[in-house]
Amino acid sequence: MVFKNNIYRMWKEKNYVWLSSIIILVTIWVSAYVTTMKSPSLTIGTIGDIHYHSSNDFVFENISKTNYSRSNLIRGKYDAYIIEKKGSYTVETTKSKELKETIESILEKKISKKPYSLPQKIKYSTSLNLLTVTLMIISLILFKYYFDERKGINKRILISMFSCTNYVFQHILSVSLIIIIPTLLGILVIFPFYNISLKLSYLFIVLLIVLISTSFTMMLSSFNRKNQGALLIGTMLTAILTLISGNFFTIKNNYFINKVQILLPQTYINTLAENIDKNVTLSLFSIIVLIFMSILFLMISIIKNMKLL
Amino acid sequence: MKTIIKQDFFNLLKNKPIMMYLVIYPPLLIIVTGFVFQNYFNNEILSSYDYYGINILVFLTTASVIILPELMFGSNVKHVNFRIIYSPISREKMYISKIIVAVIVPFIIFSSYIFIFNLFKIVNYGSNNAVDMIIIEFFLLLFSISFGGAFCVFSKNEDLSTKILNLIVNLLAAISGVFFPVYLLGKNIEKISIISPISLVLNTIYEIIYDGNFASFIPTISILLFFSVIFISLIHLNYHPEKY
């Protein structure tokens, strides 16, 4: 009944479905774009009497002293500057020490002996991690229909013969359905355009992401009175937890962070995504943990919704 | 007008999600991103905290677009607005009061963070030039708030417009290099980023702090003010609370 009603309301208020579908399709397009994007070469600005030939990894651009600005270095227009002054050279960069050492070795003509590791070619893992962030936020948007019922309709439904488990489950099912359709369609249509081979294991992980996202947002929504509140807190949590999970950027080894990462679904999604990149069987442990987490979120949602009565 | 300002001020303070977003999000996000990305900076020119301290604050300032729609059309003020509009008070006073509250509250919170972080050298907001950062922050806030209001007045749906506005801000942030340098995304995206207000503001702030170059300061403020006036004019022409 709740499922049918939600689908009916989504059909009546198509704007939300359109908005979610557009965001999902744009994310899939962006993920396909970055997955197949060439590794960027490093741009080095040279000031003074310095002449180097650009290669695939390094592009040298001679610039005048008047065009020198540190803000260009910070904003990423240049990865480093080599400044020549009376025969001596200084290297300026905001980036890691490894890059500075590599450029210094170029100056000492020890090129390529210890090359700076360019960002690795982006693979399925980046695409899946991007989808995780987006699908969590989309679920929060689509739980609008749950919040519409929080004004009292939920109590009327729950004091009838309708079980709370069934109520929560049907909300999750309707949101999952609206997410899965554009996601699968987007993957099936956009990926072939970028010559990205489709894998069943990839689609399986997408389904797991939908499951964990909808159950997590259901739990979050149960604890918030308004959709806007859940959206703001959920977006904040998703952004911070994704950063801490280290899925996009490697984090310095830290005891506390390592312990927190164990509790994050993103960590297990990333493990599965890396399994695809390495072409190995999906980690059964990660799959079980993700399913277990989803059930836990569902149970918390059910208990909270019972208490709302 | 004073009464409306006072009432909207308390309404905003009582709005837990927005207040959490304004008070907790900036320090939390700056500390987390600064920590996560510290390996990617060598700290000679700037640290990850300096970089993300500026980027995140500019991003959050732009993301304040959702505040005015909430004050204008939020479910808890909708009916109150009906009562005000039928009282002998000019329509201008109503939306101007809301704009004042929507700009002043986040401005006080964000500039306090700039002041504190700069004072304790957690983030370099320009040391002695931090006032310039605060001035730019004010005009960016005015731009974002008026843009949010104008957008909502046209869409006539507060809930949907805040969601679309969130999407627009995140997209602008991504193409403006808030999270990673925009040059990584290729030449075409780099060209598009020129039209982004976030990109314009970030370039100006970095030029002031790290090059001591104030050439873009006045043009940036003028551009933000120009568009703010346009957006406020659109609000003036289209804000009719009795129609919502």
# chains A, B, ... in the order shown; residues from 1 in each chain; ligands from 1
call {"tool": "residues_around", "arguments": {"residues": "segment 144-153 of chain B", "least_positions_apart": "4", "cutoff": "8 Å", "atoms": "only C-alpha atoms", "output": "JSON list (two decimals) with N, CA and C atoms, in the first residue's frame"}}
result
[["chain", "number", "residue", "atom", "x", "y", "z"],
["B", 61, "THR", "N", 29.79, 29.55, 2.04],
["B", 61, "THR", "CA", 29.15, 30.86, 1.87],
["B", 61, "THR", "C", 28.22, 30.81, 0.67],
["B", 62, "THR", "N", 28.69, 30.22, -0.42],
["B", 62, "THR", "CA", 27.85, 30.11, -1.62],
["B", 62, "THR", "C", 26.66, 29.19, -1.34],
["B", 63, "ALA", "N", 26.90, 28.15, -0.54],
["B", 63, "ALA", "CA", 25.83, 27.20, -0.26],
["B", 63, "ALA", "C", 24.75, 27.80, 0.66],
["B", 64, "SER", "N", 24.98, 29.02, 1.15],
["B", 64, "SER", "CA", 23.95, 29.67, 1.98],
["B", 64, "SER", "C", 22.76, 30.11, 1.15],
["B", 65, "VAL", "N", 22.76, 29.82, -0.13],
["B", 65, "VAL", "CA", 21.62, 30.16, -1.03],
["B", 65, "VAL", "C", 20.30, 29.64, -0.49],
["B", 66, "ILE", "N", 20.36, 28.59, 0.31],
["B", 66, "ILE", "CA", 19.10, 27.96, 0.76],
["B", 66, "ILE", "C", 18.43, 28.72, 1.91],
["B", 67, "ILE", "N", 19.13, 29.70, 2.49],
["B", 67, "ILE", "CA", 18.58, 30.36, 3.69],
["B", 67, "ILE", "C", 17.38, 31.25, 3.36],
["B", 68, "LEU", "N", 17.51, 32.08, 2.33],
["B", 68, "LEU", "CA", 16.41, 33.00, 2.01],
["B", 68, "LEU", "C", 15.12, 32.27, 1.60],
["B", 69, "PRO", "N", 15.20, 31.22, 0.74],
["B", 69, "PRO", "CA", 13.98, 30.48, 0.43],
["B", 69, "PRO", "C", 13.29, 29.97, 1.69],
["B", 72, "MET", "N", 11.59, 32.89, 3.31],
["B", 72, "MET", "CA", 10.48, 33.44, 2.50],
["B", 72, "MET", "C", 9.31, 32.49, 2.39],
["B", 99, "ILE", "N", 16.02, 39.46, 3.75],
["B", 99, "ILE", "CA", 17.37, 39.46, 3.15],
["B", 99, "ILE", "C", 18.40, 39.89, 4.22],
["B", 102, "ALA", "N", 18.97, 37.00, 6.53],
["B", 102, "ALA", "CA", 19.66, 35.90, 5.83],
["B", 102, "ALA", "C", 21.12, 36.22, 5.56],
["B", 103, "VAL", "N", 21.46, 37.50, 5.43],
["B", 103, "VAL", "CA", 22.86, 37.87, 5.17],
["B", 103, "VAL", "C", 23.62, 38.04, 6.49],
["B", 140, "LEU", "N", 29.95, 38.07, -1.32],
["B", 140, "LEU", "CA", 29.60, 36.74, -1.85],
["B", 140, "LEU", "C", 28.32, 36.24, -1.18],
["B", 157, "ASN", "N", 8.44, 26.92, -5.60],
["B", 157, "ASN", "CA", 8.41, 25.69, -4.82],
["B", 157, "ASN", "C", 9.68, 25.66, -3.96],
["B", 158, "GLU", "N", 9.52, 25.97, -2.67],
["B", 158, "GLU", "CA", 10.68, 26.12, -1.78],
["B", 158, "GLU", "C", 11.46, 24.82, -1.67],
["B", 161, "SER", "N", 13.21, 23.96, -5.00],
["B", 161, "SER", "CA", 14.28, 24.91, -5.37],
["B", 161, "SER", "C", 15.50, 24.77, -4.46],
["B", 162, "THR", "N", 15.31, 24.47, -3.16],
["B", 162, "THR", "CA", 16.50, 24.30, -2.32],
["B", 162, "THR", "C", 17.31, 23.10, -2.79],
["B", 165, "LEU", "N", 19.04, 24.20, -5.97],
["B", 165, "LEU", "CA", 20.10, 25.16, -5.63],
["B", 165, "LEU", "C", 21.32, 24.44, -5.05],
["B", 228, "SER", "N", 23.91, 40.98, -7.43],
["B", 228, "SER", "CA", 23.03, 40.98, -6.26],
["B", 228, "SER", "C", 21.88, 41.96, -6.49],
["B", 231, "PHE", "N", 19.41, 40.40, -8.84],
["B", 231, "PHE", "CA", 18.59, 39.36, -8.18],
["B", 231, "PHE", "C", 17.57, 39.99, -7.23],
["B", 232, "ILE", "N", 17.98, 41.03, -6.50],
["B", 232, "ILE", "CA", 17.04, 41.68, -5.57],
["B", 232, "ILE", "C", 15.91, 42.35, -6.37],
["B", 234, "LEU", "N", 14.73, 41.27, -9.17],
["B", 234, "LEU", "CA", 13.84, 40.17, -9.58],
["B", 234, "LEU", "C", 12.93, 39.75, -8.43],
["B", 235, "ILE", "N", 13.49, 39.74, -7.22],
["B", 235, "ILE", "CA", 12.68, 39.40, -6.04],
["B", 235, "ILE", "C", 11.59, 40.47, -5.88],
["B", 238, "ASN", "N", 8.79, 39.94, -8.38],
["B", 238, "ASN", "CA", 8.04, 38.67, -8.36],
["B", 238, "ASN", "C", 7.63, 38.15, -7.00],
["B", 239, "TYR", "N", 8.04, 38.82, -5.93],
["B", 239, "TYR", "CA", 7.69, 38.30, -4.61],
["B", 239, "TYR", "C", 6.30, 38.77, -4.19]]
call {"tool": "interface_residues", "arguments": {"of": "chain B", "to": "chain A", "cutoff": "10 Å", "atoms": "only C-alpha atoms", "output": "NGL selection string"}}
result
:B and (15-18 or 20-21 or 24-25 or 28-29 or 32-33 or 35-48 or 51 or 70 or 159-160 or 162-164 or 166-167 or 176-178 or 180-186 or 190 or 199 or 202-213)
call {"tool": "select_by_dssp", "arguments": {"residues": "segment 72-213 of chain B", "states": "alpha helix (DSSP H)", "output": "VMD selection string"}}
result
chain B and resid 72 to 73 78 to 85 91 to 119 130 to 155 158 to 175 187 to 192 197 to 206
call {"tool": "closest_residue", "arguments": {"among": "A:Phe204, A:Phe191, A:Tyr124, A:Tyr146", "to": "Ile287 of chain A", "atoms": "only C-alpha atoms"}}
result
A:Phe204
call {"tool": "residues_around", "arguments": {"residues": "Leu25 of chain A", "least_positions_apart": "6", "cutoff": "12 Å", "atoms": "only C-alpha atoms", "output": "MDAnalysis selection string"}}
result
chainID A and resid 18:19 31:32 130:131 134:135 138 179:191
call {"tool": "closest_residue", "arguments": {"among": "A:Leu282, A:Leu264, A:Ile269, A:Ile212", "to": "Leu298 of chain A", "atoms": "only C-alpha atoms"}}
result
A:Ile212
call {"tool": "atom_distance", "arguments": {"atom1": "atom CA of Thr242 of chain A", "atom2": "atom CA of Ala273 of chain A"}}
result
14.5 Å
call {"tool": "closest_residue", "arguments": {"among": "A:Thr90, A:Ser54, A:Asn305, A:Ser197", "to": "Ser163 of chain A", "atoms": "only C-alpha atoms"}}
result
A:Asn305
